[in-house]
file coords10.cif (mmCIF, N, CA and C atoms)
data_data
loop_
_atom_site.label_atom_id
_atom_site.label_comp_id
_atom_site.auth_asym_id
_atom_site.auth_seq_id
_atom_site.Cartn_x
_atom_site.Cartn_y
_atom_site.Cartn_z
N MET X 21 -3.45 27.82 -19.43
CA MET X 21 -2.53 28.93 -19.47
C MET X 21 -2.14 29.40 -18.07
N LYS X 22 -3.10 29.35 -17.13
CA LYS X 22 -2.80 29.75 -15.75
C LYS X 22 -1.73 28.86 -15.15
N LYS X 23 -1.76 27.57 -15.48
CA LYS X 23 -0.76 26.64 -14.94
C LYS X 23 0.63 27.02 -15.43
N ASN X 24 0.75 27.31 -16.71
CA ASN X 24 2.06 27.71 -17.26
C ASN X 24 2.57 28.97 -16.58
N PHE X 25 1.68 29.94 -16.38
CA PHE X 25 2.06 31.19 -15.73
C PHE X 25 2.50 30.93 -14.29
N SER X 26 1.73 30.10 -13.56
CA SER X 26 2.07 29.79 -12.16
C SER X 26 3.43 29.11 -12.06
N VAL X 27 3.66 28.14 -12.92
CA VAL X 27 4.93 27.43 -12.90
C VAL X 27 6.07 28.36 -13.30
N GLY X 28 5.84 29.20 -14.30
CA GLY X 28 6.87 30.13 -14.76
C GLY X 28 7.27 31.14 -13.70
N ILE X 29 6.27 31.76 -13.06
CA ILE X 29 6.56 32.73 -12.00
C ILE X 29 7.24 32.04 -10.82
N GLY X 30 6.69 30.89 -10.41
CA GLY X 30 7.28 30.14 -9.30
C GLY X 30 8.70 29.72 -9.60
N GLY X 31 8.93 29.24 -10.82
CA GLY X 31 10.27 28.81 -11.22
C GLY X 31 11.27 29.96 -11.20
N ALA X 32 10.84 31.12 -11.68
CA ALA X 32 11.72 32.29 -11.68
C ALA X 32 12.07 32.69 -10.24
N LEU X 33 11.08 32.73 -9.38
CA LEU X 33 11.34 33.09 -7.97
C LEU X 33 12.24 32.06 -7.29
N GLY X 34 12.00 30.78 -7.56
CA GLY X 34 12.84 29.73 -6.98
C GLY X 34 14.28 29.82 -7.46
N ALA X 35 14.47 30.10 -8.75
CA ALA X 35 15.83 30.21 -9.29
C ALA X 35 16.56 31.41 -8.70
N VAL X 36 15.85 32.52 -8.51
CA VAL X 36 16.46 33.71 -7.91
C VAL X 36 16.85 33.42 -6.46
N CYS X 37 15.99 32.73 -5.73
CA CYS X 37 16.32 32.36 -4.34
C CYS X 37 17.53 31.43 -4.29
N ARG X 38 17.57 30.44 -5.18
CA ARG X 38 18.72 29.53 -5.22
C ARG X 38 19.99 30.31 -5.53
N PHE X 39 19.92 31.21 -6.50
CA PHE X 39 21.09 32.02 -6.86
C PHE X 39 21.59 32.79 -5.64
N GLY X 40 20.66 33.35 -4.87
CA GLY X 40 21.05 34.07 -3.67
C GLY X 40 21.72 33.18 -2.64
N VAL X 41 21.17 32.01 -2.43
CA VAL X 41 21.76 31.06 -1.47
C VAL X 41 23.14 30.63 -1.94
N GLN X 42 23.27 30.36 -3.23
CA GLN X 42 24.55 29.89 -3.76
C GLN X 42 25.66 30.94 -3.62
N HIS X 43 25.30 32.18 -3.37
CA HIS X 43 26.30 33.24 -3.26
C HIS X 43 26.47 33.74 -1.82
N ILE X 44 26.05 32.93 -0.87
CA ILE X 44 26.31 33.25 0.54
C ILE X 44 27.81 33.05 0.78
N PRO X 45 28.48 34.06 1.29
CA PRO X 45 29.93 33.93 1.47
C PRO X 45 30.27 33.05 2.67
N ILE X 46 30.67 31.83 2.39
CA ILE X 46 31.14 30.92 3.43
C ILE X 46 32.47 30.35 2.99
N PRO X 47 33.31 29.99 3.95
CA PRO X 47 34.59 29.39 3.56
C PRO X 47 34.34 28.01 2.93
N VAL X 48 34.99 27.76 1.81
CA VAL X 48 34.82 26.49 1.10
C VAL X 48 35.91 25.54 1.57
N PRO X 49 35.52 24.35 2.05
CA PRO X 49 36.53 23.39 2.52
C PRO X 49 37.29 22.77 1.35
N GLU X 50 38.46 22.27 1.64
CA GLU X 50 39.25 21.54 0.64
C GLU X 50 39.24 20.08 1.04
N PRO X 51 39.04 19.12 0.19
CA PRO X 51 38.71 19.34 -1.21
C PRO X 51 37.30 19.89 -1.34
N TYR X 52 37.06 20.55 -2.45
CA TYR X 52 35.78 21.22 -2.71
C TYR X 52 34.61 20.25 -2.54
N LEU X 53 33.72 20.58 -1.66
CA LEU X 53 32.47 19.82 -1.52
C LEU X 53 31.34 20.83 -1.53
N PRO X 54 30.42 20.70 -2.45
CA PRO X 54 29.36 21.70 -2.63
C PRO X 54 28.26 21.63 -1.57
N PHE X 55 28.57 22.12 -0.39
CA PHE X 55 27.62 22.06 0.73
C PHE X 55 26.34 22.84 0.45
N LEU X 56 26.45 24.00 -0.17
CA LEU X 56 25.26 24.81 -0.38
C LEU X 56 24.28 24.16 -1.34
N THR X 57 24.79 23.54 -2.40
CA THR X 57 23.88 22.85 -3.32
C THR X 57 23.18 21.71 -2.61
N MET X 58 23.92 20.97 -1.81
CA MET X 58 23.32 19.87 -1.06
C MET X 58 22.27 20.41 -0.09
N ALA X 59 22.58 21.49 0.61
CA ALA X 59 21.64 22.07 1.56
C ALA X 59 20.37 22.55 0.87
N VAL X 60 20.51 23.21 -0.27
CA VAL X 60 19.35 23.68 -1.04
C VAL X 60 18.50 22.49 -1.47
N ASN X 61 19.14 21.47 -2.01
CA ASN X 61 18.39 20.31 -2.49
C ASN X 61 17.69 19.56 -1.35
N LEU X 62 18.33 19.45 -0.20
CA LEU X 62 17.71 18.76 0.93
C LEU X 62 16.55 19.59 1.50
N PHE X 63 16.74 20.90 1.62
CA PHE X 63 15.68 21.76 2.11
C PHE X 63 14.49 21.75 1.14
N GLY X 64 14.77 21.83 -0.14
CA GLY X 64 13.72 21.78 -1.15
C GLY X 64 12.98 20.45 -1.15
N SER X 65 13.69 19.36 -0.93
CA SER X 65 13.06 18.04 -0.85
C SER X 65 12.13 17.95 0.35
N PHE X 66 12.60 18.48 1.48
CA PHE X 66 11.75 18.51 2.67
C PHE X 66 10.48 19.32 2.40
N LEU X 67 10.64 20.52 1.84
CA LEU X 67 9.49 21.38 1.57
C LEU X 67 8.52 20.73 0.58
N LEU X 68 9.05 20.06 -0.43
CA LEU X 68 8.17 19.40 -1.39
C LEU X 68 7.33 18.33 -0.71
N GLY X 69 7.96 17.49 0.09
CA GLY X 69 7.22 16.46 0.82
C GLY X 69 6.18 17.09 1.74
N PHE X 70 6.58 18.13 2.44
CA PHE X 70 5.68 18.80 3.37
C PHE X 70 4.49 19.41 2.64
N PHE X 71 4.77 20.18 1.59
CA PHE X 71 3.70 20.89 0.89
C PHE X 71 2.75 19.97 0.15
N LEU X 72 3.25 18.84 -0.34
CA LEU X 72 2.36 17.92 -1.04
C LEU X 72 1.22 17.44 -0.14
N ILE X 73 1.51 17.22 1.12
CA ILE X 73 0.49 16.81 2.09
C ILE X 73 -0.24 18.02 2.65
N PHE X 74 0.51 19.05 3.02
CA PHE X 74 -0.06 20.23 3.66
C PHE X 74 -1.12 20.89 2.79
N PHE X 75 -0.84 21.04 1.50
CA PHE X 75 -1.77 21.72 0.61
C PHE X 75 -3.01 20.89 0.29
N ILE X 76 -2.96 19.63 0.56
CA ILE X 76 -4.13 18.78 0.33
C ILE X 76 -4.95 18.64 1.59
N LYS X 77 -4.29 18.40 2.71
CA LYS X 77 -5.01 18.09 3.95
C LYS X 77 -5.22 19.27 4.88
N CYS X 78 -4.27 20.18 4.96
CA CYS X 78 -4.35 21.26 5.96
C CYS X 78 -4.80 22.59 5.36
N LEU X 79 -4.29 22.93 4.22
CA LEU X 79 -4.57 24.24 3.63
C LEU X 79 -4.83 24.06 2.14
N PRO X 80 -6.01 23.56 1.81
CA PRO X 80 -6.31 23.37 0.39
C PRO X 80 -6.25 24.70 -0.37
N ILE X 81 -5.43 24.75 -1.38
CA ILE X 81 -5.31 25.95 -2.21
C ILE X 81 -5.62 25.57 -3.66
N HIS X 82 -5.81 26.55 -4.47
CA HIS X 82 -6.12 26.32 -5.88
C HIS X 82 -4.99 25.50 -6.52
N ALA X 83 -5.36 24.59 -7.41
CA ALA X 83 -4.39 23.68 -8.03
C ALA X 83 -3.30 24.44 -8.78
N ASP X 84 -3.63 25.57 -9.40
CA ASP X 84 -2.62 26.33 -10.13
C ASP X 84 -1.58 26.92 -9.18
N LEU X 85 -2.02 27.42 -8.03
CA LEU X 85 -1.09 27.96 -7.05
C LEU X 85 -0.22 26.85 -6.46
N ARG X 86 -0.85 25.71 -6.17
CA ARG X 86 -0.10 24.56 -5.65
C ARG X 86 0.98 24.13 -6.65
N LEU X 87 0.64 24.09 -7.92
CA LEU X 87 1.59 23.74 -8.97
C LEU X 87 2.71 24.78 -9.07
N GLY X 88 2.35 26.05 -8.93
CA GLY X 88 3.35 27.11 -8.98
C GLY X 88 4.35 27.02 -7.84
N ILE X 89 3.88 26.61 -6.68
CA ILE X 89 4.77 26.50 -5.51
C ILE X 89 5.62 25.23 -5.60
N THR X 90 4.98 24.10 -5.88
CA THR X 90 5.72 22.83 -5.86
C THR X 90 6.58 22.65 -7.11
N THR X 91 5.96 22.61 -8.27
CA THR X 91 6.71 22.39 -9.50
C THR X 91 7.52 23.63 -9.88
N GLY X 92 6.91 24.80 -9.75
CA GLY X 92 7.58 26.04 -10.14
C GLY X 92 8.67 26.45 -9.17
N PHE X 93 8.25 26.93 -8.00
CA PHE X 93 9.23 27.47 -7.04
C PHE X 93 10.24 26.42 -6.60
N LEU X 94 9.75 25.28 -6.10
CA LEU X 94 10.68 24.27 -5.58
C LEU X 94 11.48 23.62 -6.70
N GLY X 95 10.89 23.51 -7.89
CA GLY X 95 11.65 23.00 -9.03
C GLY X 95 12.75 23.97 -9.45
N GLY X 96 12.48 25.27 -9.35
CA GLY X 96 13.50 26.26 -9.67
C GLY X 96 14.51 26.44 -8.55
N PHE X 97 14.09 26.19 -7.33
CA PHE X 97 14.97 26.36 -6.17
C PHE X 97 15.97 25.21 -6.06
N THR X 98 15.47 23.99 -6.21
CA THR X 98 16.38 22.85 -6.17
C THR X 98 17.06 22.72 -7.52
N THR X 99 18.14 21.96 -7.56
CA THR X 99 18.93 22.01 -8.78
C THR X 99 19.64 20.69 -9.07
N PHE X 100 19.02 19.88 -9.88
CA PHE X 100 19.63 18.62 -10.28
C PHE X 100 20.81 18.86 -11.22
N SER X 101 20.68 19.85 -12.09
CA SER X 101 21.77 20.13 -13.04
C SER X 101 23.04 20.54 -12.31
N THR X 102 22.92 21.35 -11.25
CA THR X 102 24.10 21.75 -10.50
C THR X 102 24.66 20.56 -9.73
N LEU X 103 23.80 19.70 -9.22
CA LEU X 103 24.26 18.46 -8.58
C LEU X 103 25.12 17.67 -9.56
N CYS X 104 24.65 17.52 -10.80
CA CYS X 104 25.40 16.79 -11.81
C CYS X 104 26.73 17.46 -12.11
N LYS X 105 26.71 18.78 -12.30
CA LYS X 105 27.93 19.52 -12.60
C LYS X 105 28.96 19.35 -11.48
N GLU X 106 28.51 19.49 -10.25
CA GLU X 106 29.43 19.39 -9.12
C GLU X 106 29.92 17.96 -8.92
N THR X 107 29.06 16.98 -9.21
CA THR X 107 29.49 15.58 -9.12
C THR X 107 30.59 15.31 -10.14
N PHE X 108 30.42 15.81 -11.38
CA PHE X 108 31.46 15.63 -12.40
C PHE X 108 32.73 16.39 -12.04
N PHE X 109 32.60 17.55 -11.39
CA PHE X 109 33.77 18.30 -10.93
C PHE X 109 34.54 17.47 -9.90
N LEU X 110 33.82 16.89 -8.97
CA LEU X 110 34.48 16.06 -7.96
C LEU X 110 35.13 14.83 -8.60
N ALA X 111 34.46 14.25 -9.57
CA ALA X 111 35.02 13.08 -10.26
C ALA X 111 36.31 13.47 -10.98
N GLY X 112 36.29 14.65 -11.59
CA GLY X 112 37.48 15.11 -12.32
C GLY X 112 38.62 15.50 -11.40
N SER X 113 38.34 15.75 -10.13
CA SER X 113 39.39 16.13 -9.20
C SER X 113 40.18 14.92 -8.72
N GLY X 114 39.76 13.73 -9.12
CA GLY X 114 40.48 12.52 -8.76
C GLY X 114 40.07 11.90 -7.44
N ASN X 115 39.05 12.45 -6.81
CA ASN X 115 38.60 11.90 -5.54
C ASN X 115 37.28 11.15 -5.74
N ALA X 116 37.39 9.92 -6.22
CA ALA X 116 36.21 9.12 -6.55
C ALA X 116 35.34 8.84 -5.32
N ALA X 117 35.98 8.63 -4.18
CA ALA X 117 35.21 8.32 -2.97
C ALA X 117 34.35 9.52 -2.56
N LEU X 118 34.91 10.71 -2.59
CA LEU X 118 34.17 11.91 -2.23
C LEU X 118 33.05 12.16 -3.24
N CYS X 119 33.33 11.91 -4.51
CA CYS X 119 32.33 12.07 -5.56
C CYS X 119 31.14 11.14 -5.31
N ALA X 120 31.42 9.88 -5.05
CA ALA X 120 30.36 8.89 -4.80
C ALA X 120 29.59 9.23 -3.51
N LEU X 121 30.32 9.67 -2.50
CA LEU X 121 29.68 10.04 -1.23
C LEU X 121 28.73 11.22 -1.43
N TYR X 122 29.19 12.23 -2.15
CA TYR X 122 28.37 13.42 -2.38
C TYR X 122 27.10 13.07 -3.17
N ALA X 123 27.26 12.37 -4.27
CA ALA X 123 26.10 12.03 -5.10
C ALA X 123 25.14 11.10 -4.36
N GLY X 124 25.68 10.08 -3.75
CA GLY X 124 24.83 9.12 -3.02
C GLY X 124 24.14 9.75 -1.83
N ALA X 125 24.88 10.54 -1.07
CA ALA X 125 24.31 11.18 0.12
C ALA X 125 23.22 12.18 -0.27
N THR X 126 23.43 12.92 -1.35
CA THR X 126 22.42 13.89 -1.77
C THR X 126 21.12 13.19 -2.15
N VAL X 127 21.22 12.11 -2.89
CA VAL X 127 20.01 11.39 -3.31
C VAL X 127 19.33 10.75 -2.11
N LEU X 128 20.08 10.01 -1.31
CA LEU X 128 19.47 9.32 -0.16
C LEU X 128 18.93 10.30 0.88
N LEU X 129 19.71 11.32 1.20
CA LEU X 129 19.24 12.31 2.17
C LEU X 129 18.08 13.13 1.62
N GLY X 130 18.07 13.36 0.31
CA GLY X 130 16.95 14.07 -0.31
C GLY X 130 15.65 13.28 -0.18
N LEU X 131 15.73 11.97 -0.42
CA LEU X 131 14.54 11.13 -0.23
C LEU X 131 14.11 11.11 1.23
N ALA X 132 15.08 11.03 2.12
CA ALA X 132 14.76 11.05 3.55
C ALA X 132 14.14 12.39 3.96
N ALA X 133 14.65 13.48 3.41
CA ALA X 133 14.10 14.81 3.72
C ALA X 133 12.67 14.93 3.24
N ALA X 134 12.38 14.43 2.04
CA ALA X 134 11.01 14.47 1.52
C ALA X 134 10.08 13.64 2.41
N TRP X 135 10.54 12.47 2.81
CA TRP X 135 9.76 11.60 3.69
C TRP X 135 9.51 12.30 5.02
N PHE X 136 10.53 12.95 5.57
CA PHE X 136 10.38 13.68 6.83
C PHE X 136 9.39 14.83 6.68
N GLY X 137 9.44 15.51 5.55
CA GLY X 137 8.48 16.57 5.28
C GLY X 137 7.05 16.05 5.25
N ILE X 138 6.86 14.89 4.64
CA ILE X 138 5.54 14.25 4.61
C ILE X 138 5.09 13.92 6.03
N LEU X 139 5.99 13.35 6.82
CA LEU X 139 5.64 13.01 8.21
C LEU X 139 5.27 14.26 9.01
N CYS X 140 6.02 15.33 8.84
CA CYS X 140 5.73 16.57 9.57
C CYS X 140 4.36 17.13 9.18
N ALA X 141 4.05 17.11 7.90
CA ALA X 141 2.74 17.63 7.45
C ALA X 141 1.61 16.75 7.98
N LYS X 142 1.81 15.44 7.97
CA LYS X 142 0.77 14.54 8.50
C LYS X 142 0.57 14.76 9.99
N ARG X 143 1.65 14.98 10.70
CA ARG X 143 1.54 15.24 12.13
C ARG X 143 0.80 16.55 12.39
N LEU X 144 1.12 17.56 11.61
CA LEU X 144 0.43 18.84 11.73
C LEU X 144 -1.06 18.67 11.43
N GLU X 145 -1.37 17.90 10.43
CA GLU X 145 -2.77 17.66 10.05
C GLU X 145 -3.52 16.93 11.17
N ARG X 146 -2.87 15.95 11.80
CA ARG X 146 -3.49 15.23 12.91
C ARG X 146 -3.75 16.16 14.09
N ARG X 147 -2.82 17.07 14.38
CA ARG X 147 -3.00 18.03 15.48
C ARG X 147 -4.15 18.99 15.18
N ARG X 148 -4.27 19.35 13.90
CA ARG X 148 -5.31 20.27 13.50
C ARG X 148 -6.68 19.63 13.64
N VAL X 149 -6.78 18.36 13.33
CA VAL X 149 -8.06 17.64 13.38
C VAL X 149 -8.45 17.36 14.83
N ALA X 150 -7.46 17.08 15.69
CA ALA X 150 -7.76 16.71 17.08
C ALA X 150 -8.27 17.84 17.92
#
call {"tool": "encode", "arguments": {"input": "coords10.cif", "output": "structure tokens"}}
result
Amino acid sequence: MKKNFSVGIGGALGAVCRFGVQHIPIPVPEPYLPFLTMAVNLFGSFLLGFFLIFFIKCLPIHADLRLGITTGFLGGFTTFSTLCKETFFLAGSGNAALCALYAGATVLLGLAAAWFGILCAKRLERRRVA
């Protein structure tokens, strides 16, 4: 039951944070490219990679709290459903190249961000041990 509560609270907080970021007033370029969704997803991917190592090697925390932060908060903060919605919006706008670029770049850069987060946490752990 604690795991469900941790994930639920974390997910709610992550969704509220994402909602806040999505409503930052910035000029939207034409054609529409969802920069904020991409930024949220890349930042969340980096944090997930970082925290997966950090919470195990540098700052061991209770498994329920770790689950609440990673699965809950970061799962609520990042948004695959919005990525899909915006990809279909771009596809419907008739710009197939931009649609493919957005979807492909988000996935590839998201994986790279997670990998970079893992590297940063490992480097921090090595500095802590030395």
call {"tool": "closest_atom_pairs", "arguments": {"input": "coords10.cif", "of": "region 43-117 of chain X", "to": "region 31-36 of chain X", "cutoff": "7 Å", "atoms": "only C-alpha atoms", "output": "CSV"}}
result
residue,atom,partner,partner_atom,distance
X:Gly92,CA,X:Gly31,CA,4.0
X:Phe93,CA,X:Gly34,CA,4.3
X:Leu94,CA,X:Gly34,CA,6.0
X:Gly95,CA,X:Gly31,CA,6.4
X:Gly96,CA,X:Gly31,CA,4.4
X:Phe97,CA,X:Gly34,CA,4.1
call {"tool": "select_by_dssp", "arguments": {"input": "coords10.cif", "residues": "region 38-128 of chain X", "states": "helix (DSSP H, G or I)", "output": "PyMOL selection string"}}
result
chain X and resi 38-42+55-78+83-97+100-112+116-128
call {"tool": "residues_around", "arguments": {"input": "coords10.cif", "residues": "region 64-81 of chain X", "least_positions_apart": "6", "cutoff": "9 Å", "atoms": "only C-alpha atoms", "output": "PyMOL selection string"}}
result
chain X and resi 89-91+94-95+97-98+129-142+144-145+148
call {"tool": "resolve_selection", "arguments": {"input": "coords10.cif", "expression": "the PyMOL selection byres (((chain X and resi 118 and name CA) around 12) and name CA)", "output": "PDB file with N, CA and C atoms, in the coordinates of the input"}}
result
ATOM      1  N   GLU X  50      38.460  22.270   1.640  1.00  0.00           N
ATOM      2  CA  GLU X  50      39.250  21.540   0.640  1.00  0.00           C
ATOM      3  C   GLU X  50      39.240  20.080   1.040  1.00  0.00           C
ATOM      4  N   PRO X  51      39.040  19.120   0.190  1.00  0.00           N
ATOM      5  CA  PRO X  51      38.710  19.340  -1.210  1.00  0.00           C
ATOM      6  C   PRO X  51      37.300  19.890  -1.340  1.00  0.00           C
ATOM      7  N   TYR X  52      37.060  20.550  -2.450  1.00  0.00           N
ATOM      8  CA  TYR X  52      35.780  21.220  -2.710  1.00  0.00           C
ATOM      9  C   TYR X  52      34.610  20.250  -2.540  1.00  0.00           C
ATOM     10  N   LEU X  53      33.720  20.580  -1.660  1.00  0.00           N
ATOM     11  CA  LEU X  53      32.470  19.820  -1.520  1.00  0.00           C
ATOM     12  C   LEU X  53      31.340  20.830  -1.530  1.00  0.00           C
ATOM     13  N   PRO X  54      30.420  20.700  -2.450  1.00  0.00           N
ATOM     14  CA  PRO X  54      29.360  21.700  -2.630  1.00  0.00           C
ATOM     15  C   PRO X  54      28.260  21.630  -1.570  1.00  0.00           C
ATOM     16  N   GLU X 106      28.510  19.490 -10.250  1.00  0.00           N
ATOM     17  CA  GLU X 106      29.430  19.390  -9.120  1.00  0.00           C
ATOM     18  C   GLU X 106      29.920  17.960  -8.920  1.00  0.00           C
ATOM     19  N   THR X 107      29.060  16.980  -9.210  1.00  0.00           N
ATOM     20  CA  THR X 107      29.490  15.580  -9.120  1.00  0.00           C
ATOM     21  C   THR X 107      30.590  15.310 -10.140  1.00  0.00           C
ATOM     22  N   PHE X 108      30.420  15.810 -11.380  1.00  0.00           N
ATOM     23  CA  PHE X 108      31.460  15.630 -12.400  1.00  0.00           C
ATOM     24  C   PHE X 108      32.730  16.390 -12.040  1.00  0.00           C
ATOM     25  N   PHE X 109      32.600  17.550 -11.390  1.00  0.00           N
ATOM     26  CA  PHE X 109      33.770  18.300 -10.930  1.00  0.00           C
ATOM     27  C   PHE X 109      34.540  17.470  -9.900  1.00  0.00           C
ATOM     28  N   LEU X 110      33.820  16.890  -8.970  1.00  0.00           N
ATOM     29  CA  LEU X 110      34.480  16.060  -7.960  1.00  0.00           C
ATOM     30  C   LEU X 110      35.130  14.830  -8.600  1.00  0.00           C
ATOM     31  N   ALA X 111      34.460  14.250  -9.570  1.00  0.00           N
ATOM     32  CA  ALA X 111      35.020  13.080 -10.260  1.00  0.00           C
ATOM     33  C   ALA X 111      36.310  13.470 -10.980  1.00  0.00           C
ATOM     34  N   GLY X 112      36.290  14.650 -11.590  1.00  0.00           N
ATOM     35  CA  GLY X 112      37.480  15.110 -12.320  1.00  0.00           C
ATOM     36  C   GLY X 112      38.620  15.500 -11.400  1.00  0.00           C
ATOM     37  N   SER X 113      38.340  15.750 -10.130  1.00  0.00           N
ATOM     38  CA  SER X 113      39.390  16.130  -9.200  1.00  0.00           C
ATOM     39  C   SER X 113      40.180  14.920  -8.720  1.00  0.00           C
ATOM     40  N   GLY X 114      39.760  13.730  -9.120  1.00  0.00           N
ATOM     41  CA  GLY X 114      40.480  12.520  -8.760  1.00  0.00           C
ATOM     42  C   GLY X 114      40.070  11.900  -7.440  1.00  0.00           C
ATOM     43  N   ASN X 115      39.050  12.450  -6.810  1.00  0.00           N
ATOM     44  CA  ASN X 115      38.600  11.900  -5.540  1.00  0.00           C
ATOM     45  C   ASN X 115      37.280  11.150  -5.740  1.00  0.00           C
ATOM     46  N   ALA X 116      37.390   9.920  -6.220  1.00  0.00           N
ATOM     47  CA  ALA X 116      36.210   9.120  -6.550  1.00  0.00           C
ATOM     48  C   ALA X 116      35.340   8.840  -5.320  1.00  0.00           C
ATOM     49  N   ALA X 117      35.980   8.630  -4.180  1.00  0.00           N
ATOM     50  CA  ALA X 117      35.210   8.320  -2.970  1.00  0.00           C
ATOM     51  C   ALA X 117      34.350   9.520  -2.560  1.00  0.00           C
ATOM     52  N   CYS X 119      33.330  11.910  -4.510  1.00  0.00           N
ATOM     53  CA  CYS X 119      32.330  12.070  -5.560  1.00  0.00           C
ATOM     54  C   CYS X 119      31.140  11.140  -5.310  1.00  0.00           C
ATOM     55  N   ALA X 120      31.420   9.880  -5.050  1.00  0.00           N
ATOM     56  CA  ALA X 120      30.360   8.890  -4.800  1.00  0.00           C
ATOM     57  C   ALA X 120      29.590   9.230  -3.510  1.00  0.00           C
ATOM     58  N   LEU X 121      30.320   9.670  -2.500  1.00  0.00           N
ATOM     59  CA  LEU X 121      29.680  10.040  -1.230  1.00  0.00           C
ATOM     60  C   LEU X 121      28.730  11.220  -1.430  1.00  0.00           C
ATOM     61  N   TYR X 122      29.190  12.230  -2.150  1.00  0.00           N
ATOM     62  CA  TYR X 122      28.370  13.420  -2.380  1.00  0.00           C
ATOM     63  C   TYR X 122      27.100  13.070  -3.170  1.00  0.00           C
ATOM     64  N   ALA X 123      27.260  12.370  -4.270  1.00  0.00           N
ATOM     65  CA  ALA X 123      26.100  12.030  -5.100  1.00  0.00           C
ATOM     66  C   ALA X 123      25.140  11.100  -4.360  1.00  0.00           C
ATOM     67  N   GLY X 124      25.680  10.080  -3.750  1.00  0.00           N
ATOM     68  CA  GLY X 124      24.830   9.120  -3.020  1.00  0.00           C
ATOM     69  C   GLY X 124      24.140   9.750  -1.830  1.00  0.00           C
ATOM     70  N   ALA X 125      24.880  10.540  -1.070  1.00  0.00           N
ATOM     71  CA  ALA X 125      24.310  11.180   0.120  1.00  0.00           C
ATOM     72  C   ALA X 125      23.220  12.180  -0.270  1.00  0.00           C
ATOM     73  N   THR X 126      23.430  12.920  -1.350  1.00  0.00           N
ATOM     74  CA  THR X 126      22.420  13.890  -1.770  1.00  0.00           C
ATOM     75  C   THR X 126      21.120  13.190  -2.150  1.00  0.00           C
TER      76      THR X 126
END
call {"tool": "atom_distance", "arguments": {"input": "coords10.cif", "atom1": "CA of Lys105 (chain X)", "atom2": "atom C of Val41 (chain X)"}}
result
16.1 Å
call {"tool": "atom_distance", "arguments": {"input": "coords10.cif", "atom1": "CA of Thr102 (chain X)", "atom2": "CA of Val127 (chain X)"}}
result
13.3 Å
call {"tool": "atom_distance", "arguments": {"input": "coords10.cif", "atom1": "atom N of Pro47 (chain X)", "atom2": "CA of Val60 (chain X)"}}
result
16.1 Å
call {"tool": "resolve_selection", "arguments": {"input": "coords10.cif", "expression": "the PyMOL selection byres (((chain X and resi 27 and name CA) around 7) and name CA)", "output": "list of chain:residue names"}}
result
X:Lys23, X:Asn24, X:Phe25, X:Ser26, X:Gly28, X:Ile29, X:Gly30, X:Gly31, X:Leu87, X:Gly88, X:Thr91, X:Gly92
call {"tool": "closest_residue", "arguments": {"input": "coords10.cif", "among": "X:Phe63, X:Val149, X:Lys22, X:Met58", "to": "Ala83 (chain X)", "atoms": "only C-alpha atoms"}}
result
X:Lys22
call {"tool": "closest_residue", "arguments": {"input": "coords10.cif", "among": "X:Leu85, X:Leu62, X:Leu128, X:Ile46", "to": "Thr99 (chain X)", "atoms": "all atoms listed in the file"}}
result
X:Leu62
call {"tool": "residues_around", "arguments": {"input": "coords10.cif", "residues": "Gln42 (chain X)", "least_positions_apart": "3", "cutoff": "7 Å", "atoms": "all atoms listed in the file", "output": "ChimeraX atom specification"}}
result
/X:37-39,45,56-57
call {"tool": "write_last_selection", "arguments": {"input": "coords10.cif", "atoms": "N, CA and C atoms", "output": "PDB file, keeping the file's coordinate frame"}}
result
ATOM      1  N   CYS X  37      15.990  32.730  -5.730  1.00  0.00           N
ATOM      2  CA  CYS X  37      16.320  32.360  -4.340  1.00  0.00           C
ATOM      3  C   CYS X  37      17.530  31.430  -4.290  1.00  0.00           C
ATOM      4  N   ARG X  38      17.570  30.440  -5.180  1.00  0.00           N
ATOM      5  CA  ARG X  38      18.720  29.530  -5.220  1.00  0.00           C
ATOM      6  C   ARG X  38      19.990  30.310  -5.530  1.00  0.00           C
ATOM      7  N   PHE X  39      19.920  31.210  -6.500  1.00  0.00           N
ATOM      8  CA  PHE X  39      21.090  32.020  -6.860  1.00  0.00           C
ATOM      9  C   PHE X  39      21.590  32.790  -5.640  1.00  0.00           C
ATOM     10  N   PRO X  45      28.480  34.060   1.290  1.00  0.00           N
ATOM     11  CA  PRO X  45      29.930  33.930   1.470  1.00  0.00           C
ATOM     12  C   PRO X  45      30.270  33.050   2.670  1.00  0.00           C
ATOM     13  N   LEU X  56      26.450  24.000  -0.170  1.00  0.00           N
ATOM     14  CA  LEU X  56      25.260  24.810  -0.380  1.00  0.00           C
ATOM     15  C   LEU X  56      24.280  24.160  -1.340  1.00  0.00           C
ATOM     16  N   THR X  57      24.790  23.540  -2.400  1.00  0.00           N
ATOM     17  CA  THR X  57      23.880  22.850  -3.320  1.00  0.00           C
ATOM     18  C   THR X  57      23.180  21.710  -2.610  1.00  0.00           C
TER      19      THR X  57
END
